[in-house]
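Asks: Handing over query-v7.txt, compact mmCIF, C-alpha atoms.
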```
# COMPACT_ATOMS: atom_id res chain seq x y z
CA MET A 1415 -6.61 -20.64 3.65
CA ILE A 1416 -10.09 -19.74 4.78
CA GLN A 1417 -13.03 -21.29 2.97
CA LEU A 1418 -16.38 -20.01 1.74
CA SER A 1419 -18.02 -21.67 4.77
CA ASP A 1420 -15.92 -19.49 7.12
CA ILE A 1421 -17.25 -16.37 5.41
CA GLN A 1422 -20.82 -17.65 5.42
CA ASN A 1423 -20.54 -18.36 9.17
CA ALA A 1424 -19.23 -14.83 9.69
CA GLN A 1425 -22.15 -13.48 7.71
CA SER A 1426 -24.61 -15.23 10.01
CA ALA A 1427 -22.82 -13.92 13.09
CA LEU A 1428 -22.81 -10.34 11.76
CA VAL A 1429 -26.58 -10.13 11.36
CA GLY A 1430 -27.71 -7.24 13.55
CA GLN A 1431 -24.12 -6.30 14.44
CA ILE A 1432 -23.21 -4.22 11.37
CA VAL A 1433 -25.05 -2.42 8.57
CA ARG A 1434 -25.83 -4.34 5.38
CA THR A 1435 -24.70 -1.46 3.20
CA PRO A 1436 -26.26 -0.45 -0.14
CA PHE A 1437 -24.79 -1.72 -3.40
CA THR A 1438 -26.16 0.51 -6.12
CA HIS A 1439 -25.66 1.30 -9.79
CA SER A 1440 -24.13 4.70 -10.60
CA ARG A 1441 -25.66 5.86 -13.84
CA THR A 1442 -23.51 9.00 -14.10
CA LEU A 1443 -20.16 7.32 -13.36
CA SER A 1444 -21.09 4.55 -15.79
CA GLU A 1445 -21.64 7.10 -18.55
CA ILE A 1446 -18.36 8.88 -17.79
CA LEU A 1447 -16.23 5.74 -17.59
CA GLY A 1448 -17.86 3.51 -20.20
CA SER A 1449 -18.51 0.68 -17.73
CA GLU A 1450 -21.49 -0.40 -15.67
CA ILE A 1451 -20.37 0.88 -12.27
CA TRP A 1452 -21.79 -0.49 -9.02
CA LEU A 1453 -20.75 1.04 -5.69
CA LYS A 1454 -20.64 -0.74 -2.32
CA PHE A 1455 -21.10 1.99 0.31
CA GLU A 1456 -19.10 0.65 3.26
CA ASN A 1457 -18.56 4.28 4.28
CA LEU A 1458 -22.13 4.05 5.64
CA GLN A 1459 -21.18 1.70 8.48
CA PHE A 1460 -21.53 3.20 11.97
CA THR A 1461 -17.78 3.89 12.13
CA ALA A 1462 -17.75 4.75 8.39
CA SER A 1463 -15.62 1.74 7.43
CA PHE A 1464 -15.82 -1.95 6.54
CA LYS A 1465 -13.42 -2.75 9.39
CA GLU A 1466 -16.29 -3.34 11.79
CA ARG A 1467 -16.99 -6.65 10.06
CA GLY A 1468 -13.69 -8.34 10.70
CA ALA A 1469 -13.27 -6.80 14.15
CA PHE A 1470 -16.54 -8.24 15.41
CA ASN A 1471 -15.95 -11.63 13.82
CA ARG A 1472 -12.57 -11.88 15.56
CA MET A 1473 -13.65 -10.52 18.93
CA ARG A 1474 -16.71 -12.76 19.24
CA ALA A 1475 -14.29 -15.71 19.58
CA LEU A 1476 -12.41 -14.27 22.60
CA THR A 1477 -12.39 -16.35 25.77
CA PRO A 1478 -13.74 -14.85 29.02
CA GLU A 1479 -10.16 -14.45 30.29
CA GLN A 1480 -9.08 -12.66 27.10
CA ARG A 1481 -12.06 -10.34 27.37
CA SER A 1482 -11.21 -9.41 30.94
CA ARG A 1483 -7.54 -8.67 30.13
CA GLY A 1484 -8.43 -6.57 27.10
CA VAL A 1485 -7.43 -6.28 23.46
CA ILE A 1486 -4.96 -4.22 21.47
CA THR A 1487 -4.50 -3.38 17.83
CA MET A 1488 -2.47 -1.13 15.56
CA SER A 1489 -4.27 0.91 12.97
CA ALA A 1490 -4.21 4.07 10.89
CA GLY A 1491 -7.76 4.66 12.07
CA ASN A 1492 -10.54 2.54 10.61
CA HIS A 1493 -9.66 -0.80 12.18
CA ALA A 1494 -9.04 1.14 15.39
CA GLN A 1495 -12.59 2.44 15.37
CA GLY A 1496 -14.02 -0.97 14.49
CA VAL A 1497 -12.23 -2.61 17.43
CA ALA A 1498 -13.06 0.27 19.80
CA TYR A 1499 -16.73 0.21 18.78
CA HIS A 1500 -17.25 -3.50 19.36
CA ALA A 1501 -15.04 -3.48 22.49
CA GLN A 1502 -17.30 -0.81 23.96
CA ARG A 1503 -20.40 -2.85 23.07
CA MET A 1504 -18.86 -6.04 24.54
CA LYS A 1505 -17.42 -4.19 27.59
CA ILE A 1506 -13.86 -5.20 26.69
CA PRO A 1507 -10.93 -2.84 27.49
CA ALA A 1508 -9.18 -1.76 24.29
CA VAL A 1509 -5.81 -0.18 23.52
CA ILE A 1510 -5.21 1.27 20.06
CA VAL A 1511 -1.75 2.17 18.73
CA MET A 1512 -1.94 4.67 15.87
CA PRO A 1513 0.75 6.39 13.76
CA LYS A 1514 1.29 10.04 14.64
CA PHE A 1515 0.09 11.18 11.19
CA THR A 1516 -3.37 9.61 11.66
CA PRO A 1517 -6.10 12.16 10.77
CA THR A 1518 -7.47 13.96 13.81
CA VAL A 1519 -11.02 12.83 13.06
CA LYS A 1520 -9.99 9.16 13.35
CA VAL A 1521 -8.11 9.70 16.62
CA ALA A 1522 -11.01 11.65 18.12
CA ASN A 1523 -13.59 9.07 17.06
CA THR A 1524 -11.52 6.21 18.51
CA LYS A 1525 -11.19 7.99 21.86
CA ARG A 1526 -14.90 8.80 21.82
CA LEU A 1527 -15.61 5.07 21.61
CA GLY A 1528 -13.78 4.56 24.91
CA ALA A 1529 -10.45 3.14 23.74
CA GLU A 1530 -7.03 4.09 25.10
CA VAL A 1531 -5.14 5.63 22.19
CA VAL A 1532 -1.34 5.49 21.91
CA LEU A 1533 0.19 7.61 19.13
CA HIS A 1534 3.52 6.17 18.04
CA GLY A 1535 5.80 6.39 14.99
CA GLU A 1536 5.40 7.75 11.50
CA THR A 1537 4.00 4.66 9.77
CA PHE A 1538 1.70 1.72 10.37
CA ASP A 1539 4.75 -0.51 10.81
CA ASP A 1540 6.06 1.71 13.60
CA ALA A 1541 2.70 1.40 15.34
CA ARG A 1542 2.76 -2.37 14.84
CA ALA A 1543 6.12 -2.69 16.59
CA ARG A 1544 4.84 -0.71 19.58
CA ALA A 1545 1.63 -2.75 19.75
CA LEU A 1546 3.60 -6.01 19.88
CA GLU A 1547 5.65 -4.60 22.78
CA LEU A 1548 2.44 -3.79 24.68
CA VAL A 1549 1.03 -7.27 24.02
CA GLU A 1550 3.94 -8.73 25.96
CA ALA A 1551 4.03 -6.06 28.65
CA ARG A 1552 0.31 -6.00 29.47
CA GLY A 1553 -0.96 -9.44 28.48
CA LEU A 1554 -3.38 -8.08 25.90
CA THR A 1555 -4.85 -10.05 22.98
CA LEU A 1556 -3.82 -8.72 19.57
CA ILE A 1557 -6.66 -8.10 17.11
CA HIS A 1558 -4.62 -7.97 13.92
CA PRO A 1559 -5.94 -5.55 11.27
CA TYR A 1560 -5.62 -7.98 8.38
CA ASP A 1561 -3.44 -11.08 8.88
CA ASP A 1562 -5.97 -13.19 10.76
CA ASP A 1563 -8.42 -15.81 9.49
CA ALA A 1564 -11.42 -14.43 11.40
CA ILE A 1565 -10.66 -10.87 10.25
CA ILE A 1566 -10.38 -12.01 6.63
CA ALA A 1567 -13.62 -13.99 6.88
CA GLY A 1568 -15.45 -11.00 8.32
CA GLN A 1569 -14.31 -8.73 5.52
CA GLY A 1570 -15.25 -11.38 2.97
CA THR A 1571 -18.93 -10.93 3.83
CA ILE A 1572 -18.82 -7.84 1.60
CA GLY A 1573 -18.19 -10.11 -1.38
CA LEU A 1574 -21.19 -12.27 -0.47
CA GLU A 1575 -23.42 -9.19 -0.30
CA MET A 1576 -22.19 -7.74 -3.59
CA LEU A 1577 -22.82 -10.95 -5.52
CA ALA A 1578 -26.18 -11.50 -3.81
CA ASP A 1579 -27.28 -8.05 -4.97
CA ASN A 1580 -25.81 -8.42 -8.48
CA PRO A 1581 -24.81 -11.98 -9.47
CA ASP A 1582 -23.80 -10.84 -12.99
CA LEU A 1583 -20.77 -8.72 -12.08
CA ASP A 1584 -17.72 -9.18 -14.31
CA MET A 1585 -15.13 -7.58 -12.02
CA LEU A 1586 -14.57 -6.46 -8.44
CA VAL A 1587 -12.17 -3.60 -7.70
CA VAL A 1588 -10.89 -3.55 -4.13
CA PRO A 1589 -8.32 -1.39 -2.28
CA ILE A 1590 -5.32 -3.16 -0.75
CA GLY A 1591 -3.37 -2.18 2.36
CA GLY A 1592 -2.40 -5.27 4.32
CA GLY A 1593 -4.73 -7.35 2.17
CA GLY A 1594 -7.47 -8.50 4.57
CA LEU A 1595 -10.34 -6.93 2.63
CA ILE A 1596 -9.41 -8.22 -0.80
CA SER A 1597 -8.44 -11.65 0.58
CA GLY A 1598 -11.89 -12.14 2.07
CA ILE A 1599 -13.76 -10.73 -0.91
CA ALA A 1600 -11.68 -12.72 -3.43
CA THR A 1601 -12.21 -15.94 -1.47
CA ALA A 1602 -15.98 -15.44 -1.43
CA ALA A 1603 -16.24 -14.24 -5.02
CA LYS A 1604 -14.07 -16.94 -6.59
CA ALA A 1605 -15.94 -19.67 -4.69
CA LEU A 1606 -19.29 -18.42 -6.00
CA ARG A 1607 -18.12 -17.22 -9.42
CA PRO A 1608 -14.77 -18.71 -10.50
CA ASP A 1609 -14.84 -16.64 -13.70
CA ILE A 1610 -15.11 -13.25 -11.97
CA LYS A 1611 -12.06 -10.97 -12.07
CA VAL A 1612 -10.77 -9.48 -8.82
CA ILE A 1613 -8.53 -6.41 -9.22
CA GLY A 1614 -6.62 -4.90 -6.31
CA VAL A 1615 -5.64 -1.24 -6.02
CA GLN A 1616 -2.65 0.28 -4.26
CA THR A 1617 -1.10 3.72 -4.31
CA GLU A 1618 2.17 4.42 -6.08
CA ALA A 1619 3.44 5.65 -2.70
CA PHE A 1620 2.75 2.29 -0.98
CA PRO A 1621 2.93 -0.48 -3.63
CA HIS A 1622 4.26 -3.11 -1.25
CA MET A 1623 1.72 -5.89 -1.79
CA ALA A 1624 2.06 -5.55 -5.57
CA ALA A 1625 5.83 -5.69 -5.21
CA ALA A 1626 5.67 -8.75 -2.96
CA ILE A 1627 3.43 -10.56 -5.47
CA ARG A 1628 5.90 -9.77 -8.26
CA GLY A 1629 8.98 -10.66 -6.21
CA GLN A 1630 10.22 -7.09 -6.14
CA LYS A 1631 11.55 -4.88 -3.37
CA VAL A 1632 10.47 -1.26 -3.12
CA LYS A 1633 11.20 1.51 -0.68
CA GLY A 1634 8.03 3.49 -1.27
CA LEU A 1635 7.22 6.81 0.37
CA THR A 1636 6.17 7.84 3.86
CA ARG A 1637 2.95 9.72 3.08
CA THR A 1638 -0.17 9.31 0.99
CA ILE A 1639 -3.64 10.79 1.03
CA ALA A 1640 -4.85 7.17 1.28
CA GLU A 1641 -3.40 6.53 4.73
CA GLY A 1642 -5.87 3.69 5.27
CA ILE A 1643 -3.94 1.53 2.77
CA ALA A 1644 -0.47 2.86 3.62
CA VAL A 1645 0.95 -0.52 4.70
CA LYS A 1646 4.57 -1.49 4.04
CA THR A 1647 4.43 -5.06 5.41
CA PRO A 1648 1.93 -7.35 3.62
CA GLY A 1649 0.32 -10.08 5.69
CA VAL A 1650 1.64 -13.62 5.43
CA LYS A 1651 -1.83 -15.14 5.14
CA THR A 1652 -3.15 -12.39 2.87
CA LEU A 1653 -0.14 -12.59 0.55
CA GLU A 1654 -0.81 -16.27 -0.16
CA ILE A 1655 -4.52 -15.71 -0.76
CA ILE A 1656 -3.86 -12.78 -3.08
CA LYS A 1657 -1.31 -14.79 -5.06
CA ASP A 1658 -3.92 -17.51 -5.50
CA LYS A 1659 -7.12 -15.55 -6.08
CA VAL A 1660 -6.46 -11.95 -7.18
CA ASP A 1661 -6.07 -11.42 -10.92
CA ASP A 1662 -4.06 -8.18 -10.89
CA ILE A 1663 -3.02 -5.22 -8.77
CA VAL A 1664 -2.98 -1.74 -10.27
CA LEU A 1665 -1.24 1.34 -8.90
CA VAL A 1666 -2.81 4.79 -8.77
CA SER A 1667 -1.37 8.24 -8.17
CA GLU A 1668 -2.27 10.78 -5.51
CA HIS A 1669 -3.87 12.86 -8.27
CA ASP A 1670 -6.08 9.91 -9.27
CA ILE A 1671 -7.29 9.51 -5.69
CA GLU A 1672 -7.95 13.23 -5.23
CA HIS A 1673 -9.98 13.25 -8.44
CA ALA A 1674 -11.99 10.21 -7.32
CA ILE A 1675 -12.81 11.72 -3.90
CA VAL A 1676 -14.18 14.89 -5.51
CA MET A 1677 -16.14 12.94 -8.15
CA LEU A 1678 -17.82 10.78 -5.51
CA LEU A 1679 -18.71 13.85 -3.50
CA GLU A 1680 -20.04 15.78 -6.47
CA ILE A 1681 -21.78 12.95 -8.34
CA GLU A 1682 -22.80 10.48 -5.63
CA LYS A 1683 -23.05 13.03 -2.79
CA SER A 1684 -20.95 10.61 -0.77
CA VAL A 1685 -17.92 11.43 1.41
CA VAL A 1686 -15.07 8.93 1.13
CA GLU A 1687 -11.49 8.97 2.37
CA GLY A 1688 -8.44 8.36 0.19
CA ALA A 1689 -8.48 4.58 0.60
CA GLY A 1690 -12.22 4.53 -0.03
CA ALA A 1691 -11.75 6.29 -3.36
CA ALA A 1692 -8.93 4.01 -4.56
CA GLY A 1693 -11.25 1.70 -6.52
CA LEU A 1694 -12.75 4.52 -8.56
CA ALA A 1695 -9.27 6.02 -8.93
CA ALA A 1696 -8.20 2.79 -10.67
CA LEU A 1697 -10.88 3.25 -13.34
CA LEU A 1698 -9.99 6.92 -13.80
CA HIS A 1699 -6.33 5.96 -14.13
CA ALA A 1700 -7.14 3.27 -16.68
CA GLN A 1701 -9.24 5.65 -18.76
CA ALA A 1702 -6.43 8.24 -18.83
CA ALA A 1703 -3.88 5.56 -19.77
CA ASP A 1704 -6.03 4.05 -22.56
CA ASP A 1705 -6.29 0.83 -20.56
CA PHE A 1706 -9.54 -0.76 -21.73
CA ARG A 1707 -9.77 -3.65 -19.25
CA PHE A 1708 -12.86 -2.15 -17.56
CA GLU A 1709 -14.63 -0.92 -20.69
CA GLY A 1710 -18.11 -2.39 -21.13
CA LYS A 1711 -17.77 -4.51 -17.97
CA LYS A 1712 -20.05 -4.72 -14.96
CA VAL A 1713 -17.71 -3.48 -12.23
CA GLY A 1714 -18.28 -3.57 -8.47
CA ILE A 1715 -16.24 -1.02 -6.51
CA VAL A 1716 -15.85 -1.07 -2.73
CA LEU A 1717 -15.97 2.38 -1.11
CA CYS A 1718 -14.25 1.01 1.96
CA GLY A 1719 -14.25 4.06 4.23
CA GLY A 1720 -15.38 7.63 4.72
CA ASN A 1721 -13.21 8.96 7.55
CA ILE A 1722 -11.54 11.97 5.98
CA ASP A 1723 -10.40 15.09 7.81
CA PRO A 1724 -12.83 17.95 7.01
CA LEU A 1725 -9.95 20.38 6.45
CA MET A 1726 -8.36 18.01 3.95
CA LEU A 1727 -11.71 17.48 2.24
CA GLY A 1728 -12.14 21.24 1.91
CA GLY A 1729 -8.71 21.54 0.31
CA LEU A 1730 -9.46 18.69 -2.09
CA ILE A 1731 -12.74 20.26 -3.14
CA GLU A 1732 -10.94 23.51 -3.91
CA ARG A 1733 -8.24 21.69 -5.90
CA GLY A 1734 -10.95 19.80 -7.76
CA MET A 1735 -12.63 23.05 -8.69
CA VAL A 1736 -9.30 24.27 -10.10
CA ARG A 1737 -8.94 21.12 -12.23
CA ALA A 1738 -12.47 21.60 -13.55
CA GLY A 1739 -11.88 25.29 -14.33
CA ARG A 1740 -14.59 26.26 -11.85
CA LEU A 1741 -11.96 28.13 -9.87
CA ALA A 1742 -9.38 29.96 -11.98
CA ARG A 1743 -6.57 32.46 -11.56
CA ILE A 1744 -5.90 35.04 -14.25
CA ARG A 1745 -3.30 37.81 -14.49
CA VAL A 1746 -4.27 41.14 -16.07
CA SER A 1747 -2.02 44.11 -16.91
CA ILE A 1748 -3.73 47.50 -16.44
CA ARG A 1749 -2.70 51.17 -16.41
CA ASP A 1750 -2.05 52.48 -12.92
CA LEU A 1751 -4.74 55.13 -13.23
CA PRO A 1752 -7.99 55.89 -11.40
CA GLY A 1753 -10.87 53.87 -12.80
CA ALA A 1754 -8.76 51.27 -14.62
CA LEU A 1755 -9.32 48.58 -11.99
CA SER A 1756 -13.04 49.34 -11.86
CA GLN A 1757 -13.33 49.04 -15.65
CA MET A 1758 -11.51 45.70 -15.66
CA THR A 1759 -13.54 44.19 -12.82
CA GLN A 1760 -16.78 45.37 -14.43
CA LEU A 1761 -15.85 43.44 -17.57
CA VAL A 1762 -15.30 40.32 -15.50
CA ALA A 1763 -18.66 40.82 -13.81
CA ASP A 1764 -20.38 41.35 -17.16
CA ALA A 1765 -18.90 38.02 -18.29
CA GLY A 1766 -20.71 36.29 -15.42
CA ALA A 1767 -17.72 35.43 -13.21
CA ASN A 1768 -17.39 36.09 -9.49
CA ILE A 1769 -14.12 37.58 -8.17
CA THR A 1770 -13.04 35.99 -4.87
CA GLN A 1771 -9.50 37.40 -4.56
CA VAL A 1772 -7.64 40.45 -5.94
CA HIS A 1773 -3.92 41.08 -5.64
CA HIS A 1774 -2.09 44.14 -7.05
CA GLN A 1775 1.57 43.78 -8.03
CA ARG A 1776 3.57 46.95 -8.59
CA ALA A 1777 7.12 46.24 -7.40
CA PHE A 1778 7.87 42.67 -8.50
CA THR A 1779 7.10 43.02 -12.20
CA SER A 1780 8.87 43.82 -15.47
CA LEU A 1781 6.01 46.03 -16.66
CA PRO A 1782 6.56 49.79 -17.20
CA ALA A 1783 6.19 51.95 -14.09
CA GLN A 1784 2.82 53.26 -15.29
CA ASP A 1785 1.35 49.74 -15.36
CA VAL A 1786 0.36 47.25 -12.67
CA GLU A 1787 -0.29 43.51 -12.68
CA VAL A 1788 -3.50 42.32 -11.07
CA ASP A 1789 -4.03 38.68 -10.12
CA LEU A 1790 -7.67 37.64 -9.89
CA VAL A 1791 -9.12 34.40 -8.52
CA LEU A 1792 -12.47 33.77 -10.21
CA GLN A 1793 -15.41 31.45 -9.76
CA THR A 1794 -16.46 30.43 -13.27
CA ARG A 1795 -18.54 27.87 -15.16
CA GLY A 1796 -15.49 26.00 -16.46
CA HIS A 1797 -12.46 26.19 -18.74
CA GLN A 1798 -14.39 27.52 -21.73
CA HIS A 1799 -15.86 30.29 -19.62
CA VAL A 1800 -12.37 31.31 -18.47
CA GLU A 1801 -11.25 31.59 -22.10
CA GLU A 1802 -14.29 33.75 -22.90
CA ILE A 1803 -13.38 36.10 -20.04
CA LEU A 1804 -9.78 36.39 -21.26
CA GLN A 1805 -10.93 37.15 -24.80
CA MET A 1806 -13.31 39.85 -23.52
CA LEU A 1807 -10.52 41.49 -21.52
CA ARG A 1808 -8.09 41.41 -24.45
CA LYS A 1809 -10.71 42.88 -26.76
CA ALA A 1810 -11.05 45.79 -24.31
CA GLY A 1811 -7.28 46.36 -24.41
CA PHE A 1812 -6.25 44.54 -21.23
CA GLU A 1813 -3.31 42.15 -21.66
CA SER A 1814 -4.36 39.02 -19.80
CA HIS A 1815 -3.56 35.32 -19.44
CA ARG A 1816 -4.22 32.39 -17.12
CA GLY A 1817 -2.07 32.26 -14.01
CA GLU A 1818 -0.18 29.18 -12.87
CA HIS A 1819 -2.12 26.66 -10.76
```
If you took the structure in this file and wrote it as structure tokens, what would it be?
Replies:
Amino acid sequence: MIQLSDIQNAQSALVGQIVRTPFTHSRTLSEILGSEIWLKFENLQFTASFKERGAFNRMRALTPEQRSRGVITMSAGNHAQGVAYHAQRMKIPAVIVMPKFTPTVKVANTKRLGAEVVLHGETFDDARARALELVEARGLTLIHPYDDDAIIAGQGTIGLEMLADNPDLDMLVVPIGGGGLISGIATAAKALRPDIKVIGVQTEAFPHMAAAIRGQKVKGLTRTIAEGIAVKTPGVKTLEIIKDKVDDIVLVSEHDIEHAIVMLLEIEKSVVEGAGAAGLAALLHAQAADDFRFEGKKVGIVLCGGNIDPLMLGGLIERGMVRAGRLARIRVSIRDLPGALSQMTQLVADAGANITQVHHQRAFTSLPAQDVEVDLVLQTRGHQHVEEILQMLRKAGFESHRGEH
């Protein structure tokens, strides 16, 4: 296993090569979650991900011959960009194999950095198999995303920075895909503070590291909003480190991750991808499940990446507004007479809501022929405001209720 000295050497080598990202206290999230929440903004790296750290630390050790032949890696996007970025700076040819489902923004950014991109397969493991074929065929050097000592040491520099900025942390919460990030952070943290708790986070769709630790076999799913940690094959090196140094691994749902992304955008004004929000999702999940392990603790959370497709982000914001009651759908029954619709919409306006969509339903309804159903999508102040609008409509004689989400 790597040692603290390996991570400290990586830290020295990374000076001037990556951003020493902020690690700041979130007052609002702390109040909401009942813990002292500290956020490590790795989404502020040049490529918007922590992966730059390990990629540089590994590539700085390449021989002149290896540099001339070029490098290859397999990645769902962030490691790809880290390798492509440093390969461009070092003038090393780079080939990146990415799953077909990789968000467009990650593919475009990797190409923009000068790498040759090969899209192959549905999952990270499909991309890995193709990358290994190209290693043999083209004599390239593999820069593994996580199962490599230099990669792990590079990622571990995050742990050194977090504890340097706040030595009194009780817990670190770190997303897990293949395990390189948490292996490095746990190695650094446990060497400096043996009493600190390190908690890993995986999605329910891809719980493969948690299953491997527990001696279980799982099939898992093929898709998750957190594609950056959608890894089915845990690393050999990382598995052993996690067994030795990580205290627990928790699983979060897609809903938890969606909620966390929107909260970080709304509260911290920070854009994160699904994997980047996994740490906060773990605390939201624990709060909903009456799991008090984080309560009253000083918790450091790694926001590991910010490469999210803008279209997906827009959809998540809209869904978040629905959950908060800021965007609501109501169904109102009105008489099919001139002026009835105007009267109803005026009541909604008087209640302070904005109507964004209107849909009349005459044919597909069980109402009498003289009546019509109207579906309205409203911008409101929240759930209580929606109830006030419904009560106002009912008082005026309009049968109304909330529509299905």
Asks: Dump as a VMD selection string all residues having an atom at most 12 Å from (7.1, -11.7, -4.8), computed in the file's coordinates with only C-alpha atoms.
Replies: chain A and resid 1622 to 1632 1648 1650 1653 to 1654 1656 to 1657
Asks: Have a look at atom CA of A:Pro1589 and atom CA of A:Ile1643 and let me know their distance in Å, one decimal.
Replies: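 Result for atom CA of A:Pro1589 versus atom CA of A:Ile1643: 7.3 Å, one decimal.
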Asks: Can you pull out every residue within 9 Å of stretch 1606-1609 of chain A, counting all atoms listed in the file, but drop anything in the same chain fewer than 6 positions away, and send it as a ChimeraX atom specification?
Replies: /A:1418,1574,1577,1581,1584
Asks: Find the residue from A:His1815, A:Ile1610, A:Leu1698, A:Pro1517 that sits nearest to A:Leu1583; use all atoms listed in the file when measuring.
Replies: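 Among the listed residues, the smallest separation from A:Leu1583 belongs to A:Ile1610.
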Asks: Taking into account all atoms listed in the file, which residue in the set A:Ala1738, A:His1797, A:Arg1552, A:Lys1611 is nearest to A:Val1485?
Replies: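 Closest candidate: A:Arg1552.
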Asks: Find the residues near A:Gly1649: any atom within 7 Å, counting all atoms listed in the file, skip ones fewer than 6 places away on the same chain, and give them as a PyMOL selection string.
Replies: chain A and resi 1560-1561+1592-1593
Asks: Rounded to one decimal place, report the atom CA of A:Leu1678-atom CA of A:Val1666 distance in Å.
Replies: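 About the pair atom CA of A:Leu1678 and atom CA of A:Val1666: they are 16.5 Å apart.
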Asks: Just give me the gap between atom CA of A:Arg1707 and atom CA of A:Glu1687 in Å, one decimal is fine.
Replies: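 Interatomic distance here is 25.1 Å.
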Asks: I need the residue nearest A:Gly1720 from this list: A:Leu1679, A:Leu1697, A:Ala1564, A:Ala1763. Use all atoms listed in the file for the distance.
Replies: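 The answer is A:Leu1679, which sits nearest to A:Gly1720.
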Asks: With a cut-off of 8 Å, could you pull out the residues of stretch 1555-1658 of chain A touching stretch 1538-1541 of chain A and give me the nearest pair of atoms for each, distance in Å to one decimal, using only C-alpha atoms, ordered by chain and ascending number, as JSON lines?
Replies:
```
{"residue": "A:Ala1644", "atom": "CA", "partner": "A:Phe1538", "partner_atom": "CA", "distance": 7.2}
{"residue": "A:Val1645", "atom": "CA", "partner": "A:Phe1538", "partner_atom": "CA", "distance": 6.1}
{"residue": "A:Lys1646", "atom": "CA", "partner": "A:Asp1539", "partner_atom": "CA", "distance": 6.8}
{"residue": "A:Thr1647", "atom": "CA", "partner": "A:Asp1539", "partner_atom": "CA", "distance": 7.1}
```
Asks: Here is a test: counting all atoms listed in the file, which residue of A:Leu1635, A:Ile1681, A:Ile1510, A:Ala1689 is nearest to A:Thr1537?
Replies: A:Leu1635
Asks: Nearest to A:Thr1571: which of A:Lys1633, A:Arg1749, A:Arg1434, A:Arg1795 is it, counting all atoms listed in the file?
Replies: A:Arg1434
Asks: From the set A:Gln1616, A:Thr1487, A:Gln1771, A:Thr1638, which residue has the shortest atom-to-atom contact distance to A:Glu1530, counting all atoms listed in the file?
Replies: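 Ranked by minimum distance to A:Glu1530, first place goes to A:Thr1487.
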Asks: Every residue with an atom at most 6 Å from (-19.2, 1.2, -18.4) (file coordinates; only C-alpha atoms) is what I'm after, so could you write them as a JSON list (two decimals) with C-alpha atoms, in the coordinates of the input?
Replies:
```
[["chain", "number", "residue", "atom", "x", "y", "z"],
["A", 1444, "SER", "CA", -21.09, 4.55, -15.79],
["A", 1447, "LEU", "CA", -16.23, 5.74, -17.59],
["A", 1448, "GLY", "CA", -17.86, 3.51, -20.20],
["A", 1449, "SER", "CA", -18.51, 0.68, -17.73],
["A", 1450, "GLU", "CA", -21.49, -0.40, -15.67],
["A", 1709, "GLU", "CA", -14.63, -0.92, -20.69],
["A", 1710, "GLY", "CA", -18.11, -2.39, -21.13],
["A", 1711, "LYS", "CA", -17.77, -4.51, -17.97]]
```
Asks: For stretch 1713-1722 of chain A, I'd like the enclosing box, axis-aligned and padded by 8 Å on every side, reported as lines of an AutoDock Vina configuration file with centre and edge lengths in Å to one decimal.
Replies:
```
center_x = -14.9
center_y = 4.2
center_z = -2.3
size_x = 22.7
size_y = 31.5
size_z = 35.8
```
Asks: Excluding A:Asn1580 and residues on its chain fewer than 3 positions from it, collect all residues at most 12 Å away from it, counting only C-alpha atoms, and give them as a VMD selection string.
Replies: chain A and resid 1436 to 1439 1450 to 1454 1573 to 1577 1583 to 1586 1603 1607 1712 to 1714
Asks: Name all residues at most 9 Å from A:Ile1748 (count only C-alpha atoms; drop same-chain ones fewer than 5 positions away) and give them as a VMD selection string.
Replies: chain A and resid 1754 to 1755 1758 1784 to 1788 1811 to 1813
